[in-house]
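Undergrad: input38.pdb is the file, holding PDB, C-alpha atoms:
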```
ATOM      1  CA  MET A   1      17.208-119.726  -1.987  1.00  0.00           C
ATOM      2  CA  LYS A   2      17.833-119.847   1.748  1.00  0.00           C
ATOM      3  CA  ALA A   3      19.054-116.632   3.327  1.00  0.00           C
ATOM      4  CA  LEU A   4      22.599-117.053   4.578  1.00  0.00           C
ATOM      5  CA  SER A   5      24.312-115.374   7.460  1.00  0.00           C
ATOM      6  CA  ILE A   6      27.726-114.473   6.039  1.00  0.00           C
ATOM      7  CA  LEU A   7      30.949-113.288   7.635  1.00  0.00           C
ATOM      8  CA  LEU A   8      33.034-111.325   5.130  1.00  0.00           C
ATOM      9  CA  VAL A   9      36.659-110.913   6.196  1.00  0.00           C
ATOM     10  CA  GLU A  10      38.126-108.387   3.785  1.00  0.00           C
ATOM     11  CA  ASP A  11      40.365-105.353   4.264  1.00  0.00           C
ATOM     12  CA  ASP A  12      39.354-103.550   1.070  1.00  0.00           C
ATOM     13  CA  GLU A  13      36.387-101.313   1.872  1.00  0.00           C
ATOM     14  CA  ILE A  14      35.425-101.059  -1.807  1.00  0.00           C
ATOM     15  CA  ILE A  15      35.204-104.835  -2.146  1.00  0.00           C
ATOM     16  CA  ARG A  16      33.102-104.996   1.017  1.00  0.00           C
ATOM     17  CA  LEU A  17      30.792-102.368  -0.473  1.00  0.00           C
ATOM     18  CA  LYS A  18      30.582-104.268  -3.774  1.00  0.00           C
ATOM     19  CA  PHE A  19      29.869-107.550  -1.971  1.00  0.00           C
ATOM     20  CA  LYS A  20      26.996-105.966  -0.054  1.00  0.00           C
ATOM     21  CA  LYS A  21      25.623-104.495  -3.288  1.00  0.00           C
ATOM     22  CA  VAL A  22      25.607-107.931  -4.936  1.00  0.00           C
ATOM     23  CA  CYS A  23      23.779-109.378  -1.909  1.00  0.00           C
ATOM     24  CA  LYS A  24      21.285-106.504  -1.944  1.00  0.00           C
ATOM     25  CA  ASN A  25      20.583-107.044  -5.662  1.00  0.00           C
ATOM     26  CA  LEU A  26      19.937-110.748  -5.034  1.00  0.00           C
ATOM     27  CA  LYS A  27      17.026-109.944  -2.737  1.00  0.00           C
ATOM     28  CA  ALA A  28      17.628-113.239  -0.941  1.00  0.00           C
ATOM     29  CA  ASN A  29      17.919-111.516   2.424  1.00  0.00           C
ATOM     30  CA  HIS A  30      21.461-112.713   2.987  1.00  0.00           C
ATOM     31  CA  SER A  31      22.908-110.924   5.998  1.00  0.00           C
ATOM     32  CA  VAL A  32      26.522-109.799   5.929  1.00  0.00           C
ATOM     33  CA  VAL A  33      28.784-108.987   8.862  1.00  0.00           C
ATOM     34  CA  GLU A  34      32.071-107.387   7.884  1.00  0.00           C
ATOM     35  CA  ALA A  35      35.491-107.687   9.473  1.00  0.00           C
ATOM     36  CA  GLU A  36      38.488-105.829   8.070  1.00  0.00           C
ATOM     37  CA  ASN A  37      41.103-108.386   9.088  1.00  0.00           C
ATOM     38  CA  GLY A  38      41.466-111.879  10.564  1.00  0.00           C
ATOM     39  CA  GLU A  39      41.723-110.679  14.142  1.00  0.00           C
ATOM     40  CA  LYS A  40      38.420-108.821  13.901  1.00  0.00           C
ATOM     41  CA  GLY A  41      36.942-111.808  12.078  1.00  0.00           C
ATOM     42  CA  LEU A  42      37.750-114.102  15.008  1.00  0.00           C
ATOM     43  CA  ALA A  43      36.261-111.625  17.460  1.00  0.00           C
ATOM     44  CA  VAL A  44      33.026-111.452  15.457  1.00  0.00           C
ATOM     45  CA  LEU A  45      32.863-115.253  15.099  1.00  0.00           C
ATOM     46  CA  ALA A  46      32.879-115.657  18.843  1.00  0.00           C
ATOM     47  CA  ASN A  47      29.645-113.708  19.169  1.00  0.00           C
ATOM     48  CA  HIS A  48      27.548-114.594  16.121  1.00  0.00           C
ATOM     49  CA  HIS A  49      26.335-117.630  14.234  1.00  0.00           C
ATOM     50  CA  PHE A  50      27.338-117.831  10.574  1.00  0.00           C
ATOM     51  CA  ASP A  51      26.390-120.141   7.694  1.00  0.00           C
ATOM     52  CA  LEU A  52      29.348-119.126   5.555  1.00  0.00           C
ATOM     53  CA  ILE A  53      32.697-117.372   5.904  1.00  0.00           C
ATOM     54  CA  ILE A  54      34.282-115.610   2.945  1.00  0.00           C
ATOM     55  CA  SER A  55      37.839-114.487   3.543  1.00  0.00           C
ATOM     56  CA  ASP A  56      40.544-112.584   1.735  1.00  0.00           C
ATOM     57  CA  LEU A  57      44.179-113.642   2.240  1.00  0.00           C
ATOM     58  CA  LYS A  58      46.298-110.490   2.122  1.00  0.00           C
ATOM     59  CA  MET A  59      45.192-108.360   5.055  1.00  0.00           C
ATOM     60  CA  PRO A  60      46.983-106.288   7.692  1.00  0.00           C
ATOM     61  CA  VAL A  61      47.079-107.189  11.421  1.00  0.00           C
ATOM     62  CA  MET A  62      46.108-110.843  10.860  1.00  0.00           C
ATOM     63  CA  ASN A  63      46.236-112.277   7.354  1.00  0.00           C
ATOM     64  CA  GLY A  64      43.820-114.802   5.889  1.00  0.00           C
ATOM     65  CA  ILE A  65      46.025-117.866   6.345  1.00  0.00           C
ATOM     66  CA  THR A  66      46.432-117.219  10.080  1.00  0.00           C
ATOM     67  CA  PHE A  67      42.721-116.494  10.366  1.00  0.00           C
ATOM     68  CA  ILE A  68      41.814-119.766   8.610  1.00  0.00           C
ATOM     69  CA  LYS A  69      44.242-121.753  10.803  1.00  0.00           C
ATOM     70  CA  ASN A  70      42.530-120.338  13.889  1.00  0.00           C
ATOM     71  CA  VAL A  71      39.058-121.100  12.548  1.00  0.00           C
ATOM     72  CA  LYS A  72      39.951-124.667  11.572  1.00  0.00           C
ATOM     73  CA  LYS A  73      41.463-125.531  14.946  1.00  0.00           C
ATOM     74  CA  ASP A  74      38.477-124.239  16.906  1.00  0.00           C
ATOM     75  CA  ASP A  75      35.695-126.796  17.443  1.00  0.00           C
ATOM     76  CA  ARG A  76      33.102-124.009  17.538  1.00  0.00           C
ATOM     77  CA  PHE A  77      33.921-122.772  14.037  1.00  0.00           C
ATOM     78  CA  LYS A  78      35.633-125.526  12.073  1.00  0.00           C
ATOM     79  CA  LYS A  79      32.436-126.839  10.483  1.00  0.00           C
ATOM     80  CA  ILE A  80      31.387-123.486   9.062  1.00  0.00           C
ATOM     81  CA  PRO A  81      32.008-123.515   5.291  1.00  0.00           C
ATOM     82  CA  LEU A  82      34.942-121.231   4.528  1.00  0.00           C
ATOM     83  CA  VAL A  83      35.606-119.879   1.063  1.00  0.00           C
ATOM     84  CA  VAL A  84      38.639-117.837   0.061  1.00  0.00           C
ATOM     85  CA  MET A  85      38.224-114.910  -2.332  1.00  0.00           C
ATOM     86  CA  THR A  86      41.576-113.421  -3.188  1.00  0.00           C
ATOM     87  CA  THR A  87      43.572-111.854  -5.963  1.00  0.00           C
ATOM     88  CA  SER A  88      46.536-114.049  -5.047  1.00  0.00           C
ATOM     89  CA  GLU A  89      47.477-116.549  -7.738  1.00  0.00           C
ATOM     90  CA  GLU A  90      50.562-117.606  -5.787  1.00  0.00           C
ATOM     91  CA  GLU A  91      51.034-121.357  -5.698  1.00  0.00           C
ATOM     92  CA  GLU A  92      52.065-121.199  -2.036  1.00  0.00           C
ATOM     93  CA  ASP A  93      48.784-119.522  -1.011  1.00  0.00           C
ATOM     94  CA  MET A  94      46.704-122.032  -2.962  1.00  0.00           C
ATOM     95  CA  GLN A  95      48.656-124.945  -1.472  1.00  0.00           C
ATOM     96  CA  GLN A  96      48.302-123.632   2.075  1.00  0.00           C
ATOM     97  CA  CYS A  97      44.555-123.174   1.626  1.00  0.00           C
ATOM     98  CA  ASN A  98      44.285-126.655   0.192  1.00  0.00           C
ATOM     99  CA  ASN A  99      46.157-128.063   3.197  1.00  0.00           C
ATOM    100  CA  LEU A 100      43.815-126.180   5.511  1.00  0.00           C
ATOM    101  CA  CYS A 101      40.822-127.789   3.746  1.00  0.00           C
ATOM    102  CA  VAL A 102      39.054-124.595   2.720  1.00  0.00           C
ATOM    103  CA  ASP A 103      35.774-125.139   0.875  1.00  0.00           C
ATOM    104  CA  GLY A 104      36.632-123.033  -2.138  1.00  0.00           C
ATOM    105  CA  TYR A 105      39.356-120.823  -3.614  1.00  0.00           C
ATOM    106  CA  PHE A 106      38.213-118.054  -5.971  1.00  0.00           C
ATOM    107  CA  LEU A 107      40.191-115.370  -7.737  1.00  0.00           C
ATOM    108  CA  LYS A 108      38.587-111.977  -7.221  1.00  0.00           C
ATOM    109  CA  SER A 109      38.084-110.126 -10.459  1.00  0.00           C
ATOM    110  CA  LEU A 110      38.542-106.361 -10.630  1.00  0.00           C
ATOM    111  CA  ASN A 111      35.777-106.350 -13.222  1.00  0.00           C
ATOM    112  CA  PHE A 112      32.520-105.836 -11.338  1.00  0.00           C
ATOM    113  CA  LYS A 113      30.364-107.995 -13.648  1.00  0.00           C
ATOM    114  CA  LYS A 114      32.763-110.923 -13.244  1.00  0.00           C
ATOM    115  CA  TYR A 115      33.041-110.340  -9.509  1.00  0.00           C
ATOM    116  CA  GLU A 116      29.254-110.246  -9.239  1.00  0.00           C
ATOM    117  CA  GLN A 117      28.975-113.580 -11.060  1.00  0.00           C
ATOM    118  CA  GLU A 118      31.623-115.144  -8.801  1.00  0.00           C
ATOM    119  CA  VAL A 119      29.792-114.017  -5.661  1.00  0.00           C
ATOM    120  CA  ILE A 120      26.404-115.141  -6.994  1.00  0.00           C
ATOM    121  CA  SER A 121      27.727-118.597  -7.849  1.00  0.00           C
ATOM    122  CA  ILE A 122      29.258-118.989  -4.373  1.00  0.00           C
ATOM    123  CA  LEU A 123      26.090-117.862  -2.606  1.00  0.00           C
ATOM    124  CA  ASP A 124      23.849-119.968  -4.862  1.00  0.00           C
ATOM    125  CA  TYR A 125      25.929-123.049  -4.126  1.00  0.00           C
ATOM    126  CA  TRP A 126      26.012-122.624  -0.362  1.00  0.00           C
ATOM    127  CA  SER A 127      22.404-121.592   0.030  1.00  0.00           C
ATOM    128  CA  THR A 128      21.328-124.706  -1.883  1.00  0.00           C
ATOM    129  CA  LYS A 129      23.690-126.903   0.095  1.00  0.00           C
ATOM    130  CA  GLU A 130      22.271-125.480   3.319  1.00  0.00           C
ATOM    131  CA  LYS A 131      18.835-126.458   2.118  1.00  0.00           C
ATOM    132  CA  VAL A 132      19.939-130.035   1.481  1.00  0.00           C
ATOM    133  CA  ILE A 133      21.585-130.307   4.898  1.00  0.00           C
ATOM    134  CA  SER A 134      18.619-128.864   6.784  1.00  0.00           C
TER     135      SER A 134
ATOM    136  CA  MET B   1      33.323 -92.504 -14.343  1.00  0.00           C
ATOM    137  CA  GLN B   2      31.695 -94.968 -16.749  1.00  0.00           C
ATOM    138  CA  VAL B   3      32.748 -98.008 -14.711  1.00  0.00           C
ATOM    139  CA  ILE B   4      31.386 -96.479 -11.506  1.00  0.00           C
ATOM    140  CA  GLU B   5      28.133 -95.589 -13.271  1.00  0.00           C
ATOM    141  CA  GLU B   6      27.809 -99.175 -14.519  1.00  0.00           C
ATOM    142  CA  ILE B   7      28.416-100.664 -11.090  1.00  0.00           C
ATOM    143  CA  SER B   8      26.117 -98.205  -9.345  1.00  0.00           C
ATOM    144  CA  GLY B   9      23.177 -98.478 -11.732  1.00  0.00           C
ATOM    145  CA  ASN B  10      20.550 -96.128 -10.315  1.00  0.00           C
ATOM    146  CA  ASP B  11      21.829 -96.502  -6.783  1.00  0.00           C
ATOM    147  CA  GLU B  12      22.981 -92.957  -5.973  1.00  0.00           C
ATOM    148  CA  ASP B  13      23.850 -93.782  -2.362  1.00  0.00           C
ATOM    149  CA  PHE B  14      26.126 -96.581  -3.498  1.00  0.00           C
ATOM    150  CA  LYS B  15      27.803 -94.291  -6.055  1.00  0.00           C
ATOM    151  CA  LYS B  16      28.355 -91.604  -3.434  1.00  0.00           C
ATOM    152  CA  ASN B  17      29.793 -94.099  -0.936  1.00  0.00           C
ATOM    153  CA  LEU B  18      32.036 -95.651  -3.558  1.00  0.00           C
ATOM    154  CA  LEU B  19      33.477 -92.289  -4.621  1.00  0.00           C
ATOM    155  CA  GLU B  20      34.034 -91.241  -1.020  1.00  0.00           C
ATOM    156  CA  ILE B  21      35.953 -94.453  -0.292  1.00  0.00           C
ATOM    157  CA  ILE B  22      38.011 -94.141  -3.486  1.00  0.00           C
ATOM    158  CA  LYS B  23      39.011 -90.575  -2.588  1.00  0.00           C
ATOM    159  CA  LYS B  24      39.793 -91.453   1.014  1.00  0.00           C
ATOM    160  CA  GLU B  25      41.816 -94.564   0.197  1.00  0.00           C
ATOM    161  CA  PHE B  26      43.561 -93.206  -2.890  1.00  0.00           C
ATOM    162  CA  SER B  27      45.359 -90.440  -0.985  1.00  0.00           C
ATOM    163  CA  LYS B  28      46.369 -92.835   1.787  1.00  0.00           C
ATOM    164  CA  GLU B  29      47.605 -95.508  -0.619  1.00  0.00           C
ATOM    165  CA  PHE B  30      49.499 -92.968  -2.766  1.00  0.00           C
ATOM    166  CA  GLU B  31      51.297 -91.847   0.389  1.00  0.00           C
ATOM    167  CA  ASN B  32      51.968 -95.473   1.418  1.00  0.00           C
ATOM    168  CA  TYR B  33      53.430 -96.217  -2.007  1.00  0.00           C
ATOM    169  CA  ASN B  34      55.803 -93.239  -1.791  1.00  0.00           C
ATOM    170  CA  HIS B  35      56.852 -94.301   1.691  1.00  0.00           C
ATOM    171  CA  SER B  36      57.586 -97.873   0.584  1.00  0.00           C
ATOM    172  CA  TYR B  37      59.464 -96.645  -2.480  1.00  0.00           C
ATOM    173  CA  LEU B  38      61.652 -94.319  -0.411  1.00  0.00           C
ATOM    174  CA  LYS B  39      62.590 -97.034   2.080  1.00  0.00           C
ATOM    175  CA  LYS B  40      63.149 -99.451  -0.844  1.00  0.00           C
ATOM    176  CA  ASP B  41      60.683-102.005   0.518  1.00  0.00           C
ATOM    177  CA  PHE B  42      59.692-103.420  -2.866  1.00  0.00           C
ATOM    178  CA  GLU B  43      57.456-106.164  -1.507  1.00  0.00           C
ATOM    179  CA  GLU B  44      55.405-103.542   0.318  1.00  0.00           C
ATOM    180  CA  ALA B  45      55.528-101.212  -2.710  1.00  0.00           C
ATOM    181  CA  SER B  46      54.079-104.016  -4.845  1.00  0.00           C
ATOM    182  CA  GLU B  47      51.227-104.453  -2.351  1.00  0.00           C
ATOM    183  CA  CYS B  48      50.531-100.695  -2.555  1.00  0.00           C
ATOM    184  CA  VAL B  49      50.475-100.869  -6.370  1.00  0.00           C
ATOM    185  CA  HIS B  50      48.066-103.783  -6.054  1.00  0.00           C
ATOM    186  CA  LYS B  51      45.659-101.734  -3.956  1.00  0.00           C
ATOM    187  CA  LEU B  52      45.957 -98.664  -6.192  1.00  0.00           C
ATOM    188  CA  LYS B  53      45.347-100.858  -9.251  1.00  0.00           C
ATOM    189  CA  HIS B  54      41.815-101.474  -7.997  1.00  0.00           C
ATOM    190  CA  LYS B  55      41.102 -97.720  -7.951  1.00  0.00           C
ATOM    191  CA  ILE B  56      42.689 -97.260 -11.400  1.00  0.00           C
ATOM    192  CA  SER B  57      40.355 -99.987 -12.663  1.00  0.00           C
ATOM    193  CA  LEU B  58      37.263 -98.458 -11.075  1.00  0.00           C
ATOM    194  CA  LEU B  59      38.024 -95.066 -12.583  1.00  0.00           C
ATOM    195  CA  GLY B  60      38.213 -96.650 -16.030  1.00  0.00           C
ATOM    196  CA  PHE B  61      41.867 -95.953 -16.872  1.00  0.00           C
ATOM    197  CA  LYS B  62      42.341 -99.074 -18.991  1.00  0.00           C
ATOM    198  CA  GLU B  63      45.802 -98.453 -20.444  1.00  0.00           C
ATOM    199  CA  GLU B  64      47.144 -97.306 -17.072  1.00  0.00           C
ATOM    200  CA  LEU B  65      45.660-100.407 -15.437  1.00  0.00           C
ATOM    201  CA  GLN B  66      47.684-102.687 -17.723  1.00  0.00           C
ATOM    202  CA  LYS B  67      50.874-100.776 -16.933  1.00  0.00           C
ATOM    203  CA  ALA B  68      50.129-100.869 -13.204  1.00  0.00           C
ATOM    204  CA  ALA B  69      49.556-104.637 -13.378  1.00  0.00           C
ATOM    205  CA  LEU B  70      52.962-105.038 -15.017  1.00  0.00           C
ATOM    206  CA  PHE B  71      54.600-102.681 -12.520  1.00  0.00           C
ATOM    207  CA  GLU B  72      53.089-104.614  -9.592  1.00  0.00           C
ATOM    208  CA  LYS B  73      55.041-107.690 -10.718  1.00  0.00           C
ATOM    209  CA  GLU B  74      58.216-105.847 -11.696  1.00  0.00           C
ATOM    210  CA  VAL B  75      58.584-103.707  -8.569  1.00  0.00           C
ATOM    211  CA  LYS B  76      58.440-106.860  -6.467  1.00  0.00           C
ATOM    212  CA  LYS B  77      61.652-107.935  -8.234  1.00  0.00           C
ATOM    213  CA  GLY B  78      63.201-104.501  -7.631  1.00  0.00           C
ATOM    214  CA  ASN B  79      62.687-103.305 -11.211  1.00  0.00           C
ATOM    215  CA  LEU B  80      61.751 -99.607 -10.981  1.00  0.00           C
ATOM    216  CA  GLU B  81      61.650 -98.795 -14.692  1.00  0.00           C
ATOM    217  CA  LEU B  82      57.912 -98.075 -14.572  1.00  0.00           C
ATOM    218  CA  HIS B  83      58.031 -96.007 -11.371  1.00  0.00           C
ATOM    219  CA  GLU B  84      57.930 -92.596 -13.097  1.00  0.00           C
ATOM    220  CA  ASN B  85      55.123 -93.750 -15.342  1.00  0.00           C
ATOM    221  CA  PHE B  86      53.170 -95.011 -12.339  1.00  0.00           C
ATOM    222  CA  ILE B  87      53.630 -91.702 -10.507  1.00  0.00           C
ATOM    223  CA  ASP B  88      52.353 -89.864 -13.611  1.00  0.00           C
ATOM    224  CA  THR B  89      49.243 -92.066 -13.532  1.00  0.00           C
ATOM    225  CA  LEU B  90      48.669 -91.382  -9.843  1.00  0.00           C
ATOM    226  CA  ASN B  91      49.079 -87.635 -10.364  1.00  0.00           C
ATOM    227  CA  LYS B  92      46.621 -87.786 -13.253  1.00  0.00           C
ATOM    228  CA  ILE B  93      44.088 -89.572 -11.044  1.00  0.00           C
ATOM    229  CA  ASN B  94      44.673 -87.079  -8.258  1.00  0.00           C
ATOM    230  CA  VAL B  95      43.732 -84.248 -10.627  1.00  0.00           C
ATOM    231  CA  TYR B  96      40.755 -86.271 -11.915  1.00  0.00           C
ATOM    232  CA  LEU B  97      39.419 -86.874  -8.408  1.00  0.00           C
ATOM    233  CA  TYR B  98      39.955 -83.471  -6.894  1.00  0.00           C
ATOM    234  CA  ASP B  99      39.600 -80.919  -9.728  1.00  0.00           C
TER     235      ASP B  99
END
```
So that I can check it, write out the structure of this file as structure tokens.

TA:
Amino acid sequence: MKALSILLVEDDEIIRLKFKKVCKNLKANHSVVEAENGEKGLAVLANHHFDLIISDLKMPVMNGITFIKNVKKDDRFKKIPLVVMTTSEEEEDMQQCNNLCVDGYFLKSLNFKKYEQEVISILDYWSTKEKVIS
Amino acid sequence: MQVIEEISGNDEDFKKNLLEIIKKEFSKEFENYNHSYLKKDFEEASECVHKLKHKISLLGFKEELQKAALFEKEVKKGNLELHENFIDTLNKINVYLYD
């Protein structure tokens, strides 16, 4: 498994902590940079290279949809795989993400075991895909 | 604390961090909920319930979690029937966390 450099855009500190724990347990040396909203995510993107972006949708200051729009219209970032992890099951959110061509839309489970499996499957997929590309 | 124990495994640092964040955010989110309720901003109140639901889940209050999930949907429509029940849950958690 190739180690990924991941940007996690998520306002919930507990979910950020859980995400890092899952990565730590994987021992794949994935590196995680956290941003607590879309605005901070864009600022971080400008200064680092990432293999994968995982973003929430409902966040203060700049929400996920606005963040994704900004990423997708910027030539520097638009090719970075972007996966949404949200608790939103709203049709409108799913449709907007689909229109913005995100690379995945996952419902975040409150159950840690399920959440862990979701994260592992996402990271497994993208680390393998990276391998194929490179 | 069974859920937190399960998530933490033997990782005491993680457990400590998790509990610190829960305590810090719970008080803030409880206050935010009350504020939204008082100004009758039900969309915002529903978002607060959503955030608090995560803490209720982590602390292992299963029955209360189901009620909070229902209240999250209902309060968005302006239905406040479960408000008192939700406040009771939050007060119970407050005692659980700080006593």

Undergrad: Quick one: of A:Thr86, A:Asn111, A:Ser55, A:Asn63, who's nearest to chain B, counting all atoms listed in the file?

TA: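 For chain B, the nearest of the candidates is A:Asn111.
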
Undergrad: Find the spatial neighbours of Phe42 (chain B), counting all atoms listed in the file, within a cut-off of 8 Å - ignore same-chain residues fewer than 6 positions away - and output them as a PyMOL selection string.

TA: chain B and resi 36+75-78

Undergrad: Could you save those same residues with C-alpha atoms as a tab-separated table (two decimals), keeping the file's coordinate frame?

TA:
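Written file, out_4.tsv:
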```
chain	number	residue	atom	x	y	z
B	36	SER	CA	57.59	-97.87	0.58
B	75	VAL	CA	58.58	-103.71	-8.57
B	76	LYS	CA	58.44	-106.86	-6.47
B	77	LYS	CA	61.65	-107.94	-8.23
B	78	GLY	CA	63.20	-104.50	-7.63
```

Undergrad: Might you spell out which residues the PyMOL selection byres ((chain B and resi 86-99) around 8) would select in the displayed file, as a list in words?

TA: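 When the PyMOL selection byres ((chain B and resi 86-99) around 8) is applied to the shown file, the picked residues are Lys23, Phe30, Ile56, Glu64, Lys67, Ala68, Phe71, Leu82, His83, Glu84 and Asn85 of chain B.
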
Undergrad: I need the residue set behind the PyMOL selection byres ((chain A and resi 8) around 6) for this file; please write it as a PDB file with C-alpha atoms, in the coordinates of the input.

TA:
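out05.pdb was written with the following content:
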```
ATOM      1  CA  LEU A   7      30.949-113.288   7.635  1.00  0.00           C
ATOM      2  CA  VAL A   9      36.659-110.913   6.196  1.00  0.00           C
ATOM      3  CA  GLU A  34      32.071-107.387   7.884  1.00  0.00           C
ATOM      4  CA  ILE A  54      34.282-115.610   2.945  1.00  0.00           C
ATOM      5  CA  SER A  55      37.839-114.487   3.543  1.00  0.00           C
TER       6      SER A  55
END
```

Undergrad: So which one's closest to chain A, B:Leu38, B:Ile7, B:Leu65, B:Met1? Using all atoms listed in the file, please.

TA: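 Smallest separation from chain A among the options: B:Ile7.
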
Undergrad: Which value, in Å to one decimal, gives the distance between CA of Glu25 (chain B) and CA of Leu52 (chain A)?

TA: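 About the pair CA of Glu25 (chain B) and CA of Leu52 (chain A): they are 28.1 Å apart.
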
Undergrad: Can you give me, as a ChimeraX atom specification, the residues this file yields under the PyMOL selection byres ((chain A) within 7 of (chain B))?

TA: /A:14,110,112

Undergrad: Kindly indicate which residue among A:Glu36, A:Thr87, A:Val44, A:Phe77 lies nearest to Tyr115 (chain A), using only C-alpha atoms for the distances.

TA: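 Using only C-alpha atoms, the shortest distance to Tyr115 (chain A) belongs to A:Thr87.
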
Undergrad: Which distance in Å separates CA of Ala43 (chain A) and CA of Arg76 (chain A), to one decimal?

TA: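 Between CA of Ala43 (chain A) and CA of Arg76 (chain A) the gap works out to 12.8 Å.
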
Undergrad: Please measure the separation of CA of Asn99 (chain A) and CA of Asp74 (chain A), giving the value in Å to one decimal.

TA: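 Straight-line distance from CA of Asn99 (chain A) to CA of Asp74 (chain A) works out to 16.2 Å.
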
Undergrad: Taking into account all atoms listed in the file, which residue in the set B:Glu63, B:Asp41, B:Asp13, B:Glu81 is nearest to Leu17 (chain A)?

TA: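 The answer is B:Asp13, which sits nearest to Leu17 (chain A).
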
Undergrad: Of the candidates A:Gln96, A:Glu89, A:Pro60, A:Pro81, which one gets nearest to Tyr125 (chain A) if we count only C-alpha atoms?

TA: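 For Tyr125 (chain A), the nearest of the candidates is A:Pro81.
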
Undergrad: Between A:Ser31, A:Leu26, A:Asn37, A:Lys20, which residue has the minimum interatomic distance to Lys58 (chain A), considering all atoms listed in the file?

TA: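 Between A:Ser31, A:Leu26, A:Asn37, A:Lys20, the residue approaching Lys58 (chain A) most closely is A:Asn37.
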
Undergrad: Which residues, written as a list in words, have at least one atom at most 12 Å from Lys24 (chain A), with all atoms listed in the file counted and residues fewer than 3 positions away on the same chain left out?

TA: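 Here the answer would be Ala3, Leu17, Lys18, Phe19, Lys20, Lys21, Lys27, Ala28, Asn29, His30, Ser31, Val32, Glu116, Val119 and Ile120 of chain A; Asp11 and Phe14 of chain B.
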
Undergrad: Could the residues in this selection be saved with C-alpha atoms as a compact mmCIF listing (two decimals), keeping the file's coordinate frame?

TA:
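Contents of the output file selection_19.txt:
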```txt
# COMPACT_ATOMS: atom_id res chain seq x y z
CA ALA A 3 19.05 -116.63 3.33
CA LEU A 17 30.79 -102.37 -0.47
CA LYS A 18 30.58 -104.27 -3.77
CA PHE A 19 29.87 -107.55 -1.97
CA LYS A 20 27.00 -105.97 -0.05
CA LYS A 21 25.62 -104.50 -3.29
CA LYS A 27 17.03 -109.94 -2.74
CA ALA A 28 17.63 -113.24 -0.94
CA ASN A 29 17.92 -111.52 2.42
CA HIS A 30 21.46 -112.71 2.99
CA SER A 31 22.91 -110.92 6.00
CA VAL A 32 26.52 -109.80 5.93
CA GLU A 116 29.25 -110.25 -9.24
CA VAL A 119 29.79 -114.02 -5.66
CA ILE A 120 26.40 -115.14 -6.99
CA ASP B 11 21.83 -96.50 -6.78
CA PHE B 14 26.13 -96.58 -3.50
```
